[in-house]
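Trainee: What follows is data_20.cif; its format and atoms are mmCIF, C-alpha atoms.
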data_run
loop_
_atom_site.label_atom_id
_atom_site.label_comp_id
_atom_site.auth_asym_id
_atom_site.auth_seq_id
_atom_site.Cartn_x
_atom_site.Cartn_y
_atom_site.Cartn_z
CA MET A 93 120.02 95.03 107.75
CA ASN A 94 117.60 97.07 105.72
CA GLN A 95 115.24 94.25 104.76
CA VAL A 96 113.02 94.88 101.74
CA THR A 97 109.36 93.98 101.69
CA ALA A 98 106.67 95.02 99.25
CA GLY A 99 109.01 97.45 97.51
CA PHE A 100 110.17 99.25 100.66
CA ALA A 101 112.60 98.63 103.46
CA TYR A 102 111.44 97.97 107.01
CA GLU A 103 114.05 100.37 108.37
CA ASP A 104 112.89 103.19 106.09
CA VAL A 105 109.29 102.83 107.26
CA ALA A 106 110.39 102.46 110.90
CA ASN A 107 112.29 105.74 110.52
CA ILE A 108 109.12 107.47 109.33
CA CYS A 109 107.09 105.90 112.15
CA GLN A 110 109.66 107.10 114.72
CA GLU A 111 109.60 110.65 113.35
CA ALA A 112 105.77 110.68 113.30
CA ASN A 113 105.71 109.36 116.87
CA LYS A 114 108.15 112.06 117.93
CA ALA A 115 106.03 114.76 116.27
CA TYR A 116 102.82 113.41 117.83
CA CYS A 117 104.46 113.23 121.27
CA VAL A 118 105.42 116.90 121.02
CA THR A 119 101.73 117.76 120.48
CA ILE A 120 100.83 116.01 123.76
CA GLY A 121 103.65 117.67 125.69
CA ASP A 122 106.16 114.81 125.58
CA ASN A 123 109.48 116.16 124.34
CA THR A 124 111.49 113.06 125.31
CA GLN A 125 111.29 111.14 122.04
CA PRO A 126 114.54 111.16 120.03
CA SER A 127 114.71 111.50 116.28
CA TRP A 128 115.60 108.38 114.32
CA GLU A 129 119.23 109.45 114.01
CA ASP A 130 119.53 109.95 117.77
CA ALA A 131 117.51 106.89 118.83
CA PRO A 132 119.39 104.06 120.55
CA GLU A 133 119.70 100.79 118.62
CA TRP A 134 117.19 98.97 120.87
CA GLN A 135 114.56 101.58 120.01
CA LYS A 136 115.28 101.38 116.28
CA GLU A 137 115.09 97.57 116.40
CA SER A 138 111.77 97.78 118.22
CA ALA A 139 110.35 100.05 115.51
CA ILE A 140 111.69 97.79 112.74
CA ASN A 141 110.14 94.79 114.48
CA GLY A 142 106.82 96.65 114.60
CA VAL A 143 106.94 97.30 110.85
CA ARG A 144 107.84 93.65 110.22
CA PHE A 145 104.93 92.54 112.44
CA HIS A 146 102.42 94.56 110.41
CA CYS A 147 103.90 93.44 107.09
CA LEU A 148 103.75 89.75 107.96
CA ASN A 149 100.33 89.79 109.63
CA GLU A 150 97.18 90.80 107.79
CA ASN A 151 94.29 92.69 109.40
CA THR A 152 96.18 93.74 112.50
CA THR A 153 94.67 96.27 114.86
CA PRO A 154 96.34 99.02 116.89
CA ALA A 155 95.83 96.77 119.93
CA ASP A 156 97.67 93.95 118.12
CA SER A 157 100.51 96.39 117.49
CA HIS A 158 100.75 97.25 121.18
CA ASN A 159 100.49 93.59 122.21
CA SER A 160 103.33 92.69 119.85
CA TRP A 161 105.44 95.50 121.34
CA LEU A 162 104.50 94.38 124.87
CA LYS A 163 105.49 90.77 124.09
CA GLU A 164 108.86 91.93 122.73
CA LYS A 165 109.50 94.07 125.80
CA THR A 166 108.49 91.22 128.14
CA GLU A 167 110.94 88.88 126.41
CA GLN A 168 113.66 91.51 126.86
CA GLY A 169 113.01 91.82 130.60
CA TRP A 170 111.11 95.12 130.69
CA SER A 171 108.45 95.92 133.27
CA TRP A 172 106.11 98.75 134.21
CA GLY A 173 107.63 101.95 135.51
CA GLU A 174 106.28 105.45 136.06
CA ILE A 175 108.76 106.89 133.55
CA LYS A 176 110.55 105.29 130.62
CA ASP A 177 113.99 104.21 131.76
CA ALA A 178 116.02 102.09 129.33
CA GLU A 179 118.66 101.22 131.92
CA LYS A 180 116.08 99.86 134.37
CA LYS A 181 114.01 98.51 131.47
CA GLU A 182 110.88 100.24 132.75
CA HIS A 183 108.13 101.82 130.67
CA PRO A 184 104.80 103.45 131.62
CA CYS A 185 103.09 101.83 128.61
CA PHE A 186 103.99 98.35 129.83
CA THR A 187 100.34 97.44 130.41
CA ALA A 188 97.37 95.99 128.53
CA TYR A 189 96.26 98.10 125.57
CA GLU A 190 92.86 98.81 127.10
CA ASN A 191 94.58 100.29 130.17
CA LEU A 192 96.51 102.83 128.12
CA PRO A 193 95.26 106.41 127.97
CA LYS A 194 93.70 107.28 124.61
CA SER A 195 96.65 109.60 123.94
CA GLN A 196 98.98 106.57 124.11
CA GLN A 197 96.65 104.31 122.11
CA LEU A 198 96.72 106.85 119.31
CA LYS A 199 100.44 106.13 118.80
CA ASP A 200 99.52 102.59 117.73
CA TYR A 201 96.93 103.94 115.27
CA ILE A 202 99.54 106.27 113.78
CA PHE A 203 102.17 103.52 113.51
CA LYS A 204 99.74 101.07 111.90
CA GLY A 205 98.42 103.75 109.56
CA ILE A 206 101.87 104.55 108.24
CA VAL A 207 102.78 100.89 107.66
CA ASP A 208 99.41 100.20 106.04
CA ALA A 209 99.86 103.18 103.72
CA TYR A 210 103.16 101.73 102.51
CA LYS A 211 101.67 98.27 102.14
CA THR A 212 98.77 99.65 100.09
CA ALA A 213 100.83 101.97 97.91
CA LEU A 214 103.68 99.55 97.27
CA ILE A 215 102.11 96.16 96.78
CA ILE A 216 104.82 93.64 95.98
CA ASP A 217 106.42 95.19 92.92
CA THR A 218 109.79 93.71 92.08
CA LYS A 219 109.98 95.17 88.57
CA ASP A 220 111.87 98.28 89.67
CA ARG A 221 114.36 96.59 91.99
CA PRO A 222 116.36 93.40 92.14
CA LEU A 223 114.95 90.55 94.19
CA THR A 224 116.49 89.88 97.57
CA PHE A 225 118.19 86.51 98.00
CA GLY A 226 115.12 85.12 99.81
CA GLU A 227 112.67 86.43 97.21
CA GLY A 228 114.63 84.79 94.42
CA LEU A 229 114.99 81.53 96.32
CA VAL A 230 111.24 81.12 96.99
CA GLY A 231 110.16 82.40 93.60
CA LEU A 232 108.22 85.28 95.08
CA SER A 233 106.71 86.41 91.79
CA PHE A 234 105.42 82.92 90.84
CA ASN A 235 101.92 82.15 92.11
CA PRO A 236 99.78 80.60 89.36
CA SER A 237 96.98 79.94 91.87
CA ASN A 238 96.76 83.68 92.68
CA LEU A 239 95.86 82.75 96.25
CA PRO A 240 96.72 85.57 98.69
CA LEU A 241 97.74 82.99 101.29
CA VAL A 242 100.42 81.68 98.92
CA ASP A 243 101.78 85.22 98.46
CA LYS A 244 101.79 85.72 102.23
CA ALA A 245 103.55 82.40 102.86
CA LYS A 246 106.16 83.13 100.20
CA ARG A 247 106.72 86.63 101.59
CA PHE A 248 107.16 85.19 105.08
CA ALA A 249 109.59 82.52 103.83
CA ALA A 250 111.58 85.09 101.82
CA ASP A 251 111.82 87.40 104.82
CA LEU A 252 113.00 84.56 107.06
CA ILE A 253 115.64 83.50 104.55
CA ASP A 254 116.85 87.08 104.20
CA MET A 255 117.06 87.46 108.00
CA VAL A 256 119.14 84.30 108.32
CA ALA A 257 121.26 84.89 105.23
CA TYR A 258 122.39 88.37 106.24
#
In structure tokens, write the structure found in this file.

Mentor:
Amino acid sequence: MNQVTAGFAYEDVANICQEANKAYCVTIGDNTQPSWEDAPEWQKESAINGVRFHCLNENTTPADSHNSWLKEKTEQGWSWGEIKDAEKKEHPCFTAYENLPKSQQLKDYIFKGIVDAYKTALIIDTKDRPLTFGEGLVGLSFNPSNLPLVDKAKRFAADLIDMVAY
């Protein structure tokens, strides 16, 4: 499902993050990253989950991004391996953020930067698109207190409803 948040879809931003990651990897000599169209579903879902993580959590850091990815991989049974192997569920970045080489840490900066750019440029603007089911149900555009925490809670609730409803 192409879930919409802040005027953009998680999958669309994940696609851009994947392509940027692929391009960056080429510059460091890693030609193994597939394009979005060729990426396996587990890899696409991981990227979409990363976008969702940044959208639902304010003031995240690149280390938070990696830790979220590491938690997801742990829950899916992955472990450390010298080379990335989806069948064995092994990955060389399956380690604490501070143990990663700077060249690998930079991927988290790039990912976060792309998501943050979308969040900044497309602050919740529902005027040009219909509300999702969840947004309509929670009354996303109604916040007379103007408290950012209320907006965040409503966004979270709308996203959860949309995930369950579709």

Trainee: Using the chain letters and residue numbers of this document, give as a list in words the residues selected by the PyMOL selection byres ((chain A and resi 238-250) around 9).

Mentor: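 This file gives the following for the PyMOL selection byres ((chain A and resi 238-250) around 9): Thr97, Ala98, Leu148, Asn149, Glu150, Thr224, Phe225, Gly226, Glu227, Gly228, Leu229, Val230, Gly231, Leu232, Ser233, Phe234, Asn235, Pro236, Ser237, Asp251, Leu252, Ile253, Asp254 and Met255 of chain A.
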
Trainee: Would you work out the distance separating CA of Ala178 in chain A from CA of Tyr210 in chain A, expressed in Å to one decimal?

Mentor: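 CA of Tyr210 in chain A lies 29.7 Å from CA of Ala178 in chain A.
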
Trainee: Which residues, written as a list in words, have at least one atom at most 12 Å from Leu162 in chain A, with all atoms listed in the file counted and residues fewer than 2 positions away on the same chain left out?

Mentor: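 Near neighbours after the sequence-gap exclusion: Ser138, Asn141, Gly142, Ala155, Asp156, Ser157, His158, Asn159, Ser160, Glu164, Lys165, Thr166, Glu167, Gln168, Gly169, Trp170, Ser171, Trp172, Glu182, His183, Pro184, Cys185, Phe186, Thr187, Ala188, Tyr189 and Asp200 of chain A.
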
Trainee: Is it possible to get the axis-aligned box enclosing range 227-246 of chain A (all listed atoms, 5 Å extra per side) as lines of an AutoDock Vina configuration file, with centre and edge lengths in Å rounded to one decimal?

Mentor:
center_x = 105.4
center_y = 83.2
center_z = 96.1
size_x = 29.1
size_y = 16.5
size_z = 23.5

Trainee: Using only C-alpha atoms, which of A:Val207, A:Leu223, A:Val118, A:Ile202 sits nearest Asn151 in chain A?

Mentor: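 Between A:Val207, A:Leu223, A:Val118, A:Ile202, the residue approaching Asn151 in chain A most closely is A:Val207.
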
Trainee: Can you tell me how far CA of Lys211 in chain A sits from CA of Gln135 in chain A, in Å to one decimal?

Mentor: 22.3 Å

Trainee: Run the PyMOL selection byres ((chain A and resi 127) around 12) on the file and write out the hits as a short mmCIF file (atom, residue, chain, number, x, y, z; two decimals) with C-alpha atoms, in the coordinates of the input.

Mentor:
data_model
loop_
_atom_site.label_atom_id
_atom_site.label_comp_id
_atom_site.auth_asym_id
_atom_site.auth_seq_id
_atom_site.Cartn_x
_atom_site.Cartn_y
_atom_site.Cartn_z
CA ALA A 106 110.39 102.46 110.90
CA ASN A 107 112.29 105.74 110.52
CA ILE A 108 109.12 107.47 109.33
CA CYS A 109 107.09 105.90 112.15
CA GLN A 110 109.66 107.10 114.72
CA GLU A 111 109.60 110.65 113.35
CA ALA A 112 105.77 110.68 113.30
CA ASN A 113 105.71 109.36 116.87
CA LYS A 114 108.15 112.06 117.93
CA ALA A 115 106.03 114.76 116.27
CA CYS A 117 104.46 113.23 121.27
CA VAL A 118 105.42 116.90 121.02
CA ASN A 123 109.48 116.16 124.34
CA THR A 124 111.49 113.06 125.31
CA GLN A 125 111.29 111.14 122.04
CA PRO A 126 114.54 111.16 120.03
CA TRP A 128 115.60 108.38 114.32
CA GLU A 129 119.23 109.45 114.01
CA ASP A 130 119.53 109.95 117.77
CA ALA A 131 117.51 106.89 118.83
CA PRO A 132 119.39 104.06 120.55
CA GLN A 135 114.56 101.58 120.01
CA LYS A 136 115.28 101.38 116.28
#

Trainee: Of the candidates A:Trp134, A:Leu198, A:Val143, A:Pro154, which one gets nearest to Glu179 in chain A if we count only C-alpha atoms?

Mentor: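 Answer, going by the shortest atom-to-atom distance: A:Trp134.
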
Trainee: Closest to Thr152 in chain A among A:Glu174, A:Lys204, A:Glu133, A:Lys199, using only C-alpha atoms?

Mentor: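 Closest residue, counting only C-alpha atoms: A:Lys204.
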
Trainee: Quick one: pull the distance between CA of Phe145 in chain A and CA of Thr119 in chain A, Å, one decimal.

Mentor: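 Between CA of Phe145 in chain A and CA of Thr119 in chain A the gap is 26.7 Å.
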